[in-house]
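Trainee: Sharing a structure here in structure tokens format.
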Protein chains: 4
Amino acid sequence: MPRPQRKDAVRNRAALIQAAREIFARRGFEASMDDIAEHAGLGVGTAYRHFANKYELADAIFDDAVAAFVNAAEEVLRENDPWKALVGLVERTLEAQTFNRAMREILLGRHQDDPEHHRSMTAAFVRPFERAKAAGQIRADAEVSDLGAIVLMLCTVADATANRNPRLWRRYLPILLQGLRPGGAPMLEPPLPPEALVPVNSL
Amino acid sequence: MPRPQRKDAVRNRAALIQAAREIFARRGFEASMDDIAEHAGLGVGTAYRHFANKYELADAIFDDAVAAFVNAAEEVLRENDPWKALVGLVERTLEAQTFNRAMREILLGRHQDDPEHHRSMTAAFVRPFERAKAAGQIRADAEVSDLGAIVLMLCTVADATANRNPRLWRRYLPILLQGLRPGGAPMLEPPLPPEALVPVNSL
Amino acid sequence: MPRPQRKDAVRNRAALIQAAREIFARRGFEASMDDIAEHAGLGVGTAYRHFANKYELADAIFDDAVAAFVNAAEEVLRENDPWKALVGLVERTLEAQTFNRAMREILLGRHQDDPEHHRSMTAAFVRPFERAKAAGQIRADAEVSDLGAIVLMLCTVADATANRNPRLWRRYLPILLQGLRPGGAPMLEPPLPPEALVPVNSL
Amino acid sequence: MPRPQRKDAVRNRAALIQAAREIFARRGFEASMDDIAEHAGLGVGTAYRHFANKYELADAIFDDAVAAFVNAAEEVLRENDPWKALVGLVERTLEAQTFNRAMREILLGRHQDDPEHHRSMTAAFVRPFERAKAAGQIRADAEVSDLGAIVLMLCTVADATANRNPRLWRRYLPILLQGLRPGGAPMLEPPLPPEALVPVNSL
DNA sequence: TATGAATGAGAGTTCATTCAT
DNA sequence: AATGAATGAACTCTCATTCAT
């Protein structure tokens, strides 16, 4: 069993993730490893000791984002009204990631990503979603993947309008969620096949 | 008076655009000019003779998309029911153009783009949209830019699911368009500022 | 025996030379063949029909310059005072070429050049020089190549100061020519070997 | 506090400068970074780690030249006879540095260059020059910039004849310096304007 | 003969990754 | 374990020259 990481290694790892978050957020995924390492006050070599390559670093950021999302999903279950809980979850997801260019790129599936994230996010979405569905607050032919699609679409708007009207996604939030409610417009096309129940990342 | 373009030049230009469309679609805007030129069976220099830089090439692709879109917009006005015409326009836009990564990147405004495209697309959207609105088929607080946002969101879904369920965007089409109809869910956030009434390109 | 060139060919050749003169003068030898051809109102292909490559075109320009110089050298012999004639020749050389970047580059030997030019210029310098020397107005140990060196040095100053003080070379003209007069400062080093009696180009 | 430069980095930097000196000297400033790096036995990337671009590398070469020159200028002041000191300075400058095409290109100001070099060289020239002038060994209407012009002219000759008669510049050394002595030939043109009292670099 | 489109080697520069220190 | 120098492939873009029209 591996000995616990040395304390400074832990600190450096955290510094790198923080730096990457900031730099990626500002300049997108094109930012260089050198820049990130420098921003973290470390050498590039150190970055590569912690993350085998740029994508692992991105994954690590996404790890945190996913973890935060999973937390939010659990927290949200404390809300008694299942529908309100679900709306809250979507809102928090969007709020958390709106101002972060790289995050949006990852969410939009522009980069390779650890498939484990898919499962985590699916799992996190599932319980709030199913709870609301069981309560009859979601139409019968809707599926978790629809929630993923909705988040994706909102992210797109958020991404495209981040500079000019960073709250614009809220304009479409009720419209899109309305689609999940019972008695809404018909859904003719079947959703994604089961193994594709990936809520957000590559949808 | 300039002699007409040489036949092979015309052919090559088309080949480059076609190659760029395919390569950009597959690998995104990061694909290199060398790859595109090779894919077209031409030298890089030729690519640069036709397009001063990578962005002009992207613009050219977008030119075609815009032209096709403008055509569709005009054709669609022959339909008597304004709402049906509008729905048809959105459907054709989705069908025709946008299962493609680079196109979405351009749609998302991630790259510099000929601002003329904005105007063309705005103009094309405006008449069908206003006609439906005048007919009372669109809610009063909706604007053309909302139509742009809707197209954008559908494009995103179409793009993200192109491989696994290429018709999935149709599942969300009625939901999103429902948002434009009178008496729908509330729209709390104001849309983009007036000068930004750009339906699709940078939303 | 070759038929005389067609009239338009002659005209085009002249247009190219004139264009090259202007463009080279303005932007130096780095200017492109495309620019020159366009400036001449012709296609590049035509330029290459007349001149096998860029250097031949430069040589052609130099041809004219050399011819002009040879003319000046002959004209100058009409002056009775051999020394005055020589000074006039140097002045006219500098005046003619000072404001022409490419010409200076060629004069300074920065580019390959037709060696025939060397001979022509040497020949042109020789008579005025020898006449002054025979008249006892030039020291016995001076040679034609020294005149070449002097022109070269003045060109350098003219080149370096073209923008800030385009007449500065005149400040050093009397000083340098003084070196050729009898009784001047000693000349210890032997001049260039005979075959190198090349006055200006690569000295 | 920064740790001392790595030993190999120091070695590589020197190798690059040496390689650049040789390559530039042989082929002029057009030589490519790839060639220089290869000549130094290094990758291009290394060259760019040490020098942000080609011009910085050129500057670095010039740094050394300037430093050597400044040293020579100080050393030379130990000579009691101010005129002899000045002559010695010019001789050492020529001997040390400038049989080299790129150096001359830089001297001629054809490339962007660190303006600090101007100041250093001006400063280095000033004291020996003023000392000789104060001693009445230099004519009243001469200025430091004239010394710069003289060095430049000699460099040109040295460069142009480096192969065939590498000592030829010495033939003109006394002639040109004679121009600075009192009672010499008239200097009609004013020298460069005050802010341009840059002895060598861009004259 | 004139044209200008096509070519492709080569330029300067960047950056993910490796490895000597 | 940390550093940052070294690497070199890859990128965008230019231009002298060739050749189909």
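Labels for the structure tokens follow display order: chains A, B, ..., residues from 1 in each chain, ligands from 1.
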What residues in chain F lie within 8 Å of chain B, counting only C-alpha atoms (C1' of nucleotides), written as a list in words?

Mentor: DC11, DT12, DC13 and DT21 of chain F

Trainee: Atoms to include: N, CA and C atoms (P, O5', C5', C4', C3', O3' and C1' of nucleotides). Write the selected residues as a PDB file, in the first residue's frame.

Mentor:
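What ended up in part18.pdb:
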```
ATOM      1  P    DC F  11       0.819  20.240 -37.676  1.00  0.00           P
ATOM      2  O5'  DC F  11       0.711  21.815 -37.592  1.00  0.00           O
ATOM      3  C5'  DC F  11       0.526  22.427 -36.308  1.00  0.00           C
ATOM      4  C4'  DC F  11       0.839  23.891 -36.415  1.00  0.00           C
ATOM      5  C3'  DC F  11       0.406  24.482 -37.740  1.00  0.00           C
ATOM      6  O3'  DC F  11      -0.735  25.300 -37.590  1.00  0.00           O
ATOM      7  C1'  DC F  11       2.629  25.159 -37.164  1.00  0.00           C
ATOM      8  P    DT F  12      -1.528  25.586 -38.945  1.00  0.00           P
ATOM      9  O5'  DT F  12      -1.003  27.059 -39.239  1.00  0.00           O
ATOM     10  C5'  DT F  12      -1.069  28.050 -38.215  1.00  0.00           C
ATOM     11  C4'  DT F  12      -0.281  29.272 -38.661  1.00  0.00           C
ATOM     12  C3'  DT F  12      -0.750  29.849 -39.994  1.00  0.00           C
ATOM     13  O3'  DT F  12      -0.736  31.267 -39.890  1.00  0.00           O
ATOM     14  C1'  DT F  12       1.537  29.300 -40.152  1.00  0.00           C
ATOM     15  P    DC F  13      -1.456  32.119 -41.004  1.00  0.00           P
ATOM     16  O5'  DC F  13      -0.270  32.479 -42.009  1.00  0.00           O
ATOM     17  C5'  DC F  13       0.847  33.205 -41.494  1.00  0.00           C
ATOM     18  C4'  DC F  13       1.984  33.150 -42.481  1.00  0.00           C
ATOM     19  C3'  DC F  13       1.651  33.608 -43.911  1.00  0.00           C
ATOM     20  O3'  DC F  13       2.381  34.803 -44.140  1.00  0.00           O
ATOM     21  C1'  DC F  13       3.055  31.703 -43.893  1.00  0.00           C
ATOM     22  P    DT F  21      -4.482  22.396 -68.161  1.00  0.00           P
ATOM     23  O5'  DT F  21      -4.667  23.866 -68.706  1.00  0.00           O
ATOM     24  C5'  DT F  21      -5.341  24.802 -67.877  1.00  0.00           C
ATOM     25  C4'  DT F  21      -5.307  26.136 -68.543  1.00  0.00           C
ATOM     26  C3'  DT F  21      -6.071  26.198 -69.865  1.00  0.00           C
ATOM     27  O3'  DT F  21      -7.290  26.896 -69.636  1.00  0.00           O
ATOM     28  C1'  DT F  21      -4.030  27.433 -69.920  1.00  0.00           C
TER      29       DT F  21
END
```

Trainee: Per residue of chain F within 12 Å of segment 16-19 of chain E, what are the shortest atom pair and its distance in Å to one decimal, counting only C-alpha atoms (C1' of nucleotides), with rows by chain and residue number, as a Markdown table?

Mentor:
```
| residue | atom | partner | partner_atom | distance |
| --- | --- | --- | --- | --- |
| F:DT3 | C1' | E:DC19 | C1' | 10.9 |
| F:DG4 | C1' | E:DC19 | C1' | 10.5 |
| F:DA5 | C1' | E:DC19 | C1' | 9.3 |
| F:DA6 | C1' | E:DT18 | C1' | 8.4 |
| F:DT7 | C1' | E:DT18 | C1' | 8.0 |
| F:DG8 | C1' | E:DT17 | C1' | 10.5 |
| F:DA9 | C1' | E:DA16 | C1' | 10.3 |
| F:DA10 | C1' | E:DA16 | C1' | 11.1 |
```

Trainee: What's the 8 Å shell around segment 36-40 of chain D, counting only C-alpha atoms (C1' of nucleotides), without same-chain residues fewer than 3 positions away, as a list in words?

Mentor: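 Everything that qualifies: Asn12, Ala15, Leu16, Gln18, Ala19, Ala20, Ile23, Ala31, Ser32, Met33, Gly43, Val44, Thr46 and Ala47 of chain D.
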
Trainee: Any chance you could export the current selection's N, CA and C atoms as a compact mmCIF listing (two decimals), in the first residue's frame?

Mentor:
```txt
# COMPACT_ATOMS: atom_id res chain seq x y z
N ASN D 12 26.06 26.12 -23.80
CA ASN D 12 25.25 26.18 -25.01
C ASN D 12 25.05 27.60 -25.50
N ALA D 15 28.05 28.47 -27.24
CA ALA D 15 28.13 27.76 -28.51
C ALA D 15 27.24 28.42 -29.55
N LEU D 16 26.07 28.83 -29.11
CA LEU D 16 25.16 29.49 -30.06
C LEU D 16 25.74 30.79 -30.56
N GLN D 18 28.84 31.62 -30.68
CA GLN D 18 29.97 31.34 -31.56
C GLN D 18 29.48 30.89 -32.94
N ALA D 19 28.51 29.98 -32.91
CA ALA D 19 27.98 29.49 -34.19
C ALA D 19 27.37 30.63 -34.99
N ALA D 20 26.61 31.46 -34.31
CA ALA D 20 25.97 32.57 -35.01
C ALA D 20 27.03 33.49 -35.60
N ILE D 23 28.36 31.68 -38.69
CA ILE D 23 27.39 31.54 -39.77
C ILE D 23 27.00 32.91 -40.32
N ALA D 31 21.13 33.98 -42.89
CA ALA D 31 21.29 32.60 -42.43
C ALA D 31 20.15 32.26 -41.46
N SER D 32 19.77 31.00 -41.48
CA SER D 32 18.59 30.63 -40.70
C SER D 32 18.95 30.16 -39.29
N MET D 33 18.00 30.30 -38.42
CA MET D 33 18.18 29.84 -37.05
C MET D 33 18.48 28.34 -37.02
N GLY D 43 19.44 21.86 -30.85
CA GLY D 43 18.15 21.97 -31.52
C GLY D 43 17.73 23.42 -31.63
N VAL D 44 16.84 23.70 -32.56
CA VAL D 44 16.38 25.09 -32.72
C VAL D 44 15.74 25.60 -31.45
N THR D 46 16.37 25.11 -28.50
CA THR D 46 17.36 25.61 -27.55
C THR D 46 17.78 27.03 -27.92
N ALA D 47 17.97 27.22 -29.19
CA ALA D 47 18.32 28.57 -29.62
C ALA D 47 17.26 29.57 -29.17
```

Trainee: Quick check for you: according to DSSP on this backbone, which residues of segment 16-165 of chain A are classed as alpha helix (DSSP H)? Reply as a ChimeraX atom specification.

Mentor: /A:16-27,33-39,44-50,54-76,82-97,101-107,115-134,144-160

Trainee: Can you pull out every residue within 12 Å of Phe125 of chain A, counting only C-alpha atoms (C1' of nucleotides), but drop anything in the same chain fewer than 2 positions away, and send it as a PyMOL selection string?

Mentor: chain A and resi 66+69-74+76-77+85-90+93+118-123+127-132+143-148+151+197-200

Trainee: Export N, CA and C atoms of the chosen residues as a JSON list (two decimals), in the first residue's frame?

Mentor:
```json
[["chain", "number", "residue", "atom", "x", "y", "z"],
["A", 66, "VAL", "N", -16.15, 17.52, -11.18],
["A", 66, "VAL", "CA", -17.11, 16.42, -11.03],
["A", 66, "VAL", "C", -17.42, 16.19, -9.56],
["A", 69, "PHE", "N", -19.63, 18.72, -8.37],
["A", 69, "PHE", "CA", -20.97, 18.49, -8.91],
["A", 69, "PHE", "C", -21.68, 17.38, -8.14],
["A", 70, "VAL", "N", -20.94, 16.32, -7.88],
["A", 70, "VAL", "CA", -21.52, 15.21, -7.13],
["A", 70, "VAL", "C", -21.97, 15.69, -5.75],
["A", 71, "ASN", "N", -21.14, 16.49, -5.14],
["A", 71, "ASN", "CA", -21.53, 17.06, -3.84],
["A", 71, "ASN", "C", -22.82, 17.86, -3.97],
["A", 72, "ALA", "N", -22.82, 18.73, -4.95],
["A", 72, "ALA", "CA", -24.01, 19.57, -5.14],
["A", 72, "ALA", "C", -25.24, 18.69, -5.32],
["A", 73, "ALA", "N", -25.07, 17.62, -6.07],
["A", 73, "ALA", "CA", -26.20, 16.74, -6.34],
["A", 73, "ALA", "C", -26.72, 16.12, -5.06],
["A", 74, "GLU", "N", -25.79, 15.79, -4.17],
["A", 74, "GLU", "CA", -26.23, 15.19, -2.91],
["A", 74, "GLU", "C", -26.90, 16.24, -2.02],
["A", 76, "VAL", "N", -28.40, 18.80, -2.83],
["A", 76, "VAL", "CA", -29.66, 19.26, -3.38],
["A", 76, "VAL", "C", -30.82, 18.35, -3.01],
["A", 77, "LEU", "N", -30.47, 17.14, -2.67],
["A", 77, "LEU", "CA", -31.51, 16.18, -2.31],
["A", 77, "LEU", "C", -32.17, 16.55, -0.98],
["A", 85, "ALA", "N", -35.43, 20.72, -6.47],
["A", 85, "ALA", "CA", -34.08, 20.21, -6.27],
["A", 85, "ALA", "C", -33.36, 20.06, -7.60],
["A", 86, "LEU", "N", -34.08, 19.52, -8.57],
["A", 86, "LEU", "CA", -33.46, 19.29, -9.87],
["A", 86, "LEU", "C", -33.08, 20.61, -10.54],
["A", 87, "VAL", "N", -33.99, 21.55, -10.50],
["A", 87, "VAL", "CA", -33.69, 22.85, -11.09],
["A", 87, "VAL", "C", -32.46, 23.46, -10.41],
["A", 88, "GLY", "N", -32.44, 23.34, -9.10],
["A", 88, "GLY", "CA", -31.31, 23.88, -8.37],
["A", 88, "GLY", "C", -29.99, 23.25, -8.82],
["A", 89, "LEU", "N", -30.05, 21.96, -9.06],
["A", 89, "LEU", "CA", -28.83, 21.26, -9.50],
["A", 89, "LEU", "C", -28.33, 21.80, -10.83],
["A", 90, "VAL", "N", -29.26, 21.96, -11.74],
["A", 90, "VAL", "CA", -28.86, 22.48, -13.05],
["A", 90, "VAL", "C", -28.29, 23.90, -12.89],
["A", 93, "THR", "N", -24.85, 23.81, -11.50],
["A", 93, "THR", "CA", -23.89, 23.34, -12.51],
["A", 93, "THR", "C", -23.48, 24.48, -13.43],
["A", 118, "HIS", "N", -17.89, 10.54, -16.83],
["A", 118, "HIS", "CA", -19.23, 10.33, -17.35],
["A", 118, "HIS", "C", -20.06, 9.58, -16.32],
["A", 119, "ARG", "N", -19.49, 8.49, -15.87],
["A", 119, "ARG", "CA", -20.25, 7.66, -14.95],
["A", 119, "ARG", "C", -20.59, 8.43, -13.68],
["A", 120, "SER", "N", -19.60, 9.14, -13.15],
["A", 120, "SER", "CA", -19.87, 9.88, -11.92],
["A", 120, "SER", "C", -21.01, 10.86, -12.11],
["A", 121, "MET", "N", -20.93, 11.61, -13.21],
["A", 121, "MET", "CA", -21.94, 12.63, -13.38],
["A", 121, "MET", "C", -23.30, 12.01, -13.64],
["A", 122, "THR", "N", -23.30, 10.96, -14.43],
["A", 122, "THR", "CA", -24.57, 10.26, -14.65],
["A", 122, "THR", "C", -25.16, 9.86, -13.31],
["A", 123, "ALA", "N", -24.32, 9.20, -12.53],
["A", 123, "ALA", "CA", -24.79, 8.71, -11.24],
["A", 123, "ALA", "C", -25.34, 9.87, -10.41],
["A", 127, "ARG", "N", -30.15, 10.15, -9.26],
["A", 127, "ARG", "CA", -31.09, 10.14, -8.14],
["A", 127, "ARG", "C", -32.02, 11.36, -8.11],
["A", 128, "PRO", "N", -31.50, 12.56, -8.25],
["A", 128, "PRO", "CA", -32.44, 13.69, -8.30],
["A", 128, "PRO", "C", -33.45, 13.55, -9.44],
["A", 129, "PHE", "N", -32.94, 13.08, -10.56],
["A", 129, "PHE", "CA", -33.84, 12.94, -11.71],
["A", 129, "PHE", "C", -34.92, 11.91, -11.44],
["A", 130, "GLU", "N", -34.50, 10.75, -10.98],
["A", 130, "GLU", "CA", -35.46, 9.67, -10.79],
["A", 130, "GLU", "C", -36.46, 10.02, -9.68],
["A", 131, "ARG", "N", -35.95, 10.72, -8.66],
["A", 131, "ARG", "CA", -36.85, 11.11, -7.59],
["A", 131, "ARG", "C", -37.98, 11.99, -8.14],
["A", 132, "ALA", "N", -37.59, 12.96, -8.97],
["A", 132, "ALA", "CA", -38.61, 13.85, -9.53],
["A", 132, "ALA", "C", -39.54, 13.09, -10.46],
["A", 143, "GLU", "N", -35.62, 10.93, -20.08],
["A", 143, "GLU", "CA", -34.58, 10.10, -19.48],
["A", 143, "GLU", "C", -33.45, 10.98, -18.95],
["A", 144, "VAL", "N", -32.63, 10.37, -18.17],
["A", 144, "VAL", "CA", -31.54, 11.17, -17.60],
["A", 144, "VAL", "C", -30.73, 11.84, -18.70],
["A", 145, "SER", "N", -30.54, 11.15, -19.78],
["A", 145, "SER", "CA", -29.70, 11.74, -20.83],
["A", 145, "SER", "C", -30.30, 13.05, -21.34],
["A", 146, "ASP", "N", -31.62, 13.18, -21.21],
["A", 146, "ASP", "CA", -32.22, 14.45, -21.62],
["A", 146, "ASP", "C", -31.74, 15.59, -20.73],
["A", 147, "LEU", "N", -31.57, 15.26, -19.48],
["A", 147, "LEU", "CA", -31.04, 16.26, -18.57],
["A", 147, "LEU", "C", -29.64, 16.68, -19.02],
["A", 148, "GLY", "N", -28.87, 15.68, -19.42],
["A", 148, "GLY", "CA", -27.53, 15.97, -19.93],
["A", 148, "GLY", "C", -27.60, 16.89, -21.13],
["A", 151, "VAL", "N", -28.36, 20.43, -20.04],
["A", 151, "VAL", "CA", -27.20, 21.11, -19.47],
["A", 151, "VAL", "C", -26.24, 21.51, -20.59],
["A", 197, "LEU", "N", -25.84, 6.96, -21.69],
["A", 197, "LEU", "CA", -26.51, 7.82, -20.71],
["A", 197, "LEU", "C", -25.51, 8.73, -20.03],
["A", 198, "VAL", "N", -24.85, 9.50, -20.83],
["A", 198, "VAL", "CA", -23.78, 10.35, -20.34],
["A", 198, "VAL", "C", -24.33, 11.76, -20.28],
["A", 199, "PRO", "N", -24.46, 12.28, -19.11],
["A", 199, "PRO", "CA", -25.25, 13.50, -19.04],
["A", 199, "PRO", "C", -24.61, 14.69, -19.74],
["A", 200, "VAL", "N", -23.36, 14.93, -19.50],
["A", 200, "VAL", "CA", -22.86, 16.19, -19.97],
["A", 200, "VAL", "C", -21.71, 16.05, -20.95]]
```

Trainee: Between atom CA of Arg49 of chain B and atom CA of Ile61 of chain C, what distance in Å does the model show, to one decimal?

Mentor: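 One can read the atom CA of Arg49 of chain B to atom CA of Ile61 of chain C distance as 29.2 Å.
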